[in-house]
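Remarks on the structure that follows.
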Amino acid sequence: MRIAVLNGPNLNLLGVREPELYGSESLEDIEASVRAKAELRGVEVLWYQTNHEGEFVDLVQGLRGKGQVGGALVNAAGFTHTSIAIRDALLAVQVPFVEVHLSNIFAREPERRVSVLADIAVGIVAGFGGQSYLLAFDALIDHVTSGDR
Ligand code: DQA
């Protein structure tokens, strides 16, 4: 099975960007941890990051063509709170996904407490820094392999 991990804007700056909120790990560090876990679980990882909304939509649409993609982790970053286009793309491809955030978006500014993706996600993991990705990864694989909703 393949799991795609889609990372949105400014996540390429993790490690230097507001470390008190997002931690000191870089996106490459998190990618390495996810890939190590994936190897243990016998899963292939497709890892992406983009700063552009249209490119994010293209990445989501592309999941359909990648035959064996069983699910996705989605940290749409700032687009989480605004992007109906990304929501529409996720609805279109019908790939099960877990919404991931490093910070607890529900304990932050009012505009970040709203996610336009959350209600169509299998679930959300937020607030555990880079560990959010690992928790979400395990949960997604369990969900996909058990066939539950
Ligand atoms: C984030 C939370 C978003 O509100 C913010 O815009 C980000 C990162 C997180 O992982 O905590 O860029 O998605």
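Following the order of the structure tokens, chains are lettered A, B, ..., residues in each are numbered from 1, and ligands are numbered from 1.
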If you count only C-alpha atoms, which residues fall within 8 Å of segment 123-125 of chain A, apart from same-chain ones fewer than 5 positions away, as a count of residues only? 10
Spatial neighbours of Ala121 of chain A, 12 Å, only C-alpha atoms, chain gap at least 5 places, as a ChimeraX atom specification: /A:71-75,80,87,90-91,94-100,115-116,136,140,143,149
List all protein, DNA and RNA residues that have any atom at most 10 Å from ligand 1, counting only C-alpha atoms and all ligand atoms, and write the list as a PyMOL selection string. chain A and resi 7-14+17+21-23+74-81+99-106+108-109+111-115+125-130+132-133
Output file for the selection above: C-alpha atoms, as a PDB file, in the first residue's frame:
ATOM      1  CA  ASN A   7       2.139  19.381   3.254  1.00  0.00           C
ATOM      2  CA  GLY A   8       0.993  22.921   2.609  1.00  0.00           C
ATOM      3  CA  PRO A   9       2.508  26.395   2.721  1.00  0.00           C
ATOM      4  CA  ASN A  10       5.374  27.373   5.007  1.00  0.00           C
ATOM      5  CA  LEU A  11       5.858  23.852   6.316  1.00  0.00           C
ATOM      6  CA  ASN A  12       9.152  23.855   4.398  1.00  0.00           C
ATOM      7  CA  LEU A  13      10.299  26.341   7.058  1.00  0.00           C
ATOM      8  CA  LEU A  14       9.673  24.045  10.030  1.00  0.00           C
ATOM      9  CA  ARG A  17       9.572  29.021  11.831  1.00  0.00           C
ATOM     10  CA  LEU A  21       4.550  26.755  18.223  1.00  0.00           C
ATOM     11  CA  TYR A  22       5.810  24.209  15.733  1.00  0.00           C
ATOM     12  CA  GLY A  23       8.875  22.692  17.396  1.00  0.00           C
ATOM     13  CA  VAL A  74      -3.091  16.128   4.929  1.00  0.00           C
ATOM     14  CA  ASN A  75      -1.525  19.120   6.646  1.00  0.00           C
ATOM     15  CA  ALA A  76      -2.892  21.875   4.446  1.00  0.00           C
ATOM     16  CA  ALA A  77      -1.378  24.457   6.870  1.00  0.00           C
ATOM     17  CA  GLY A  78      -2.965  27.899   6.308  1.00  0.00           C
ATOM     18  CA  PHE A  79      -5.203  26.505   3.531  1.00  0.00           C
ATOM     19  CA  THR A  80      -6.919  24.335   6.164  1.00  0.00           C
ATOM     20  CA  HIS A  81      -8.907  27.332   7.272  1.00  0.00           C
ATOM     21  CA  GLU A  99      -6.019  15.905   8.898  1.00  0.00           C
ATOM     22  CA  VAL A 100      -2.747  16.604  10.685  1.00  0.00           C
ATOM     23  CA  HIS A 101      -1.444  19.651  12.518  1.00  0.00           C
ATOM     24  CA  LEU A 102       1.654  20.185  14.594  1.00  0.00           C
ATOM     25  CA  SER A 103      -0.107  22.733  16.790  1.00  0.00           C
ATOM     26  CA  ASN A 104      -3.492  22.386  18.458  1.00  0.00           C
ATOM     27  CA  ILE A 105      -5.459  24.608  16.077  1.00  0.00           C
ATOM     28  CA  PHE A 106      -8.438  24.558  18.463  1.00  0.00           C
ATOM     29  CA  ARG A 108      -5.243  29.124  18.884  1.00  0.00           C
ATOM     30  CA  GLU A 109      -6.724  32.243  17.265  1.00  0.00           C
ATOM     31  CA  GLU A 111      -9.673  31.916  12.577  1.00  0.00           C
ATOM     32  CA  ARG A 112      -7.510  28.812  13.096  1.00  0.00           C
ATOM     33  CA  ARG A 113     -10.199  27.001  15.065  1.00  0.00           C
ATOM     34  CA  VAL A 114     -12.122  26.536  11.842  1.00  0.00           C
ATOM     35  CA  SER A 115     -11.140  23.780   9.429  1.00  0.00           C
ATOM     36  CA  VAL A 125      -4.540  14.663  14.964  1.00  0.00           C
ATOM     37  CA  ALA A 126      -3.348  18.054  16.219  1.00  0.00           C
ATOM     38  CA  GLY A 127      -1.098  19.409  18.924  1.00  0.00           C
ATOM     39  CA  PHE A 128       1.717  16.868  19.170  1.00  0.00           C
ATOM     40  CA  GLY A 129       4.331  18.534  16.996  1.00  0.00           C
ATOM     41  CA  GLY A 130       6.028  16.148  14.559  1.00  0.00           C
ATOM     42  CA  SER A 132       1.143  14.206  15.141  1.00  0.00           C
ATOM     43  CA  TYR A 133       2.268  12.769  11.796  1.00  0.00           C
TER      44      TYR A 133
END
Pick out the residues sitting within 7 Å of Met1 of chain A, and hand them over as an mmCIF file with N, CA, C and O atoms, in the first residue's frame; count only C-alpha atoms, and ignore anything fewer than 4 positions along from it in its own chain.
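Done, and the output landed in around-v7.cif:
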data_model
loop_
_atom_site.group_PDB
_atom_site.id
_atom_site.type_symbol
_atom_site.label_atom_id
_atom_site.label_comp_id
_atom_site.auth_asym_id
_atom_site.auth_seq_id
_atom_site.Cartn_x
_atom_site.Cartn_y
_atom_site.Cartn_z
ATOM 1 N N VAL A 43 4.746 -0.109 4.286
ATOM 2 C CA VAL A 43 3.954 0.836 3.494
ATOM 3 C C VAL A 43 4.900 1.777 2.757
ATOM 4 O O VAL A 43 5.948 2.157 3.294
ATOM 5 N N GLU A 44 4.532 2.142 1.520
ATOM 6 C CA GLU A 44 5.339 3.104 0.758
ATOM 7 C C GLU A 44 4.787 4.516 0.974
ATOM 8 O O GLU A 44 3.568 4.698 1.020
ATOM 9 N N GLN A 68 -2.351 2.615 -6.159
ATOM 10 C CA GLN A 68 -2.327 1.943 -4.858
ATOM 11 C C GLN A 68 -2.388 2.904 -3.673
ATOM 12 O O GLN A 68 -2.125 2.480 -2.565
ATOM 13 N N VAL A 69 -2.707 4.179 -3.899
ATOM 14 C CA VAL A 69 -2.758 5.087 -2.744
ATOM 15 C C VAL A 69 -3.980 4.741 -1.896
ATOM 16 O O VAL A 69 -5.119 4.931 -2.307
ATOM 17 N N GLY A 70 -3.705 4.213 -0.695
ATOM 18 C CA GLY A 70 -4.795 3.767 0.175
ATOM 19 C C GLY A 70 -5.340 4.884 1.031
ATOM 20 O O GLY A 70 -6.447 4.798 1.543
#
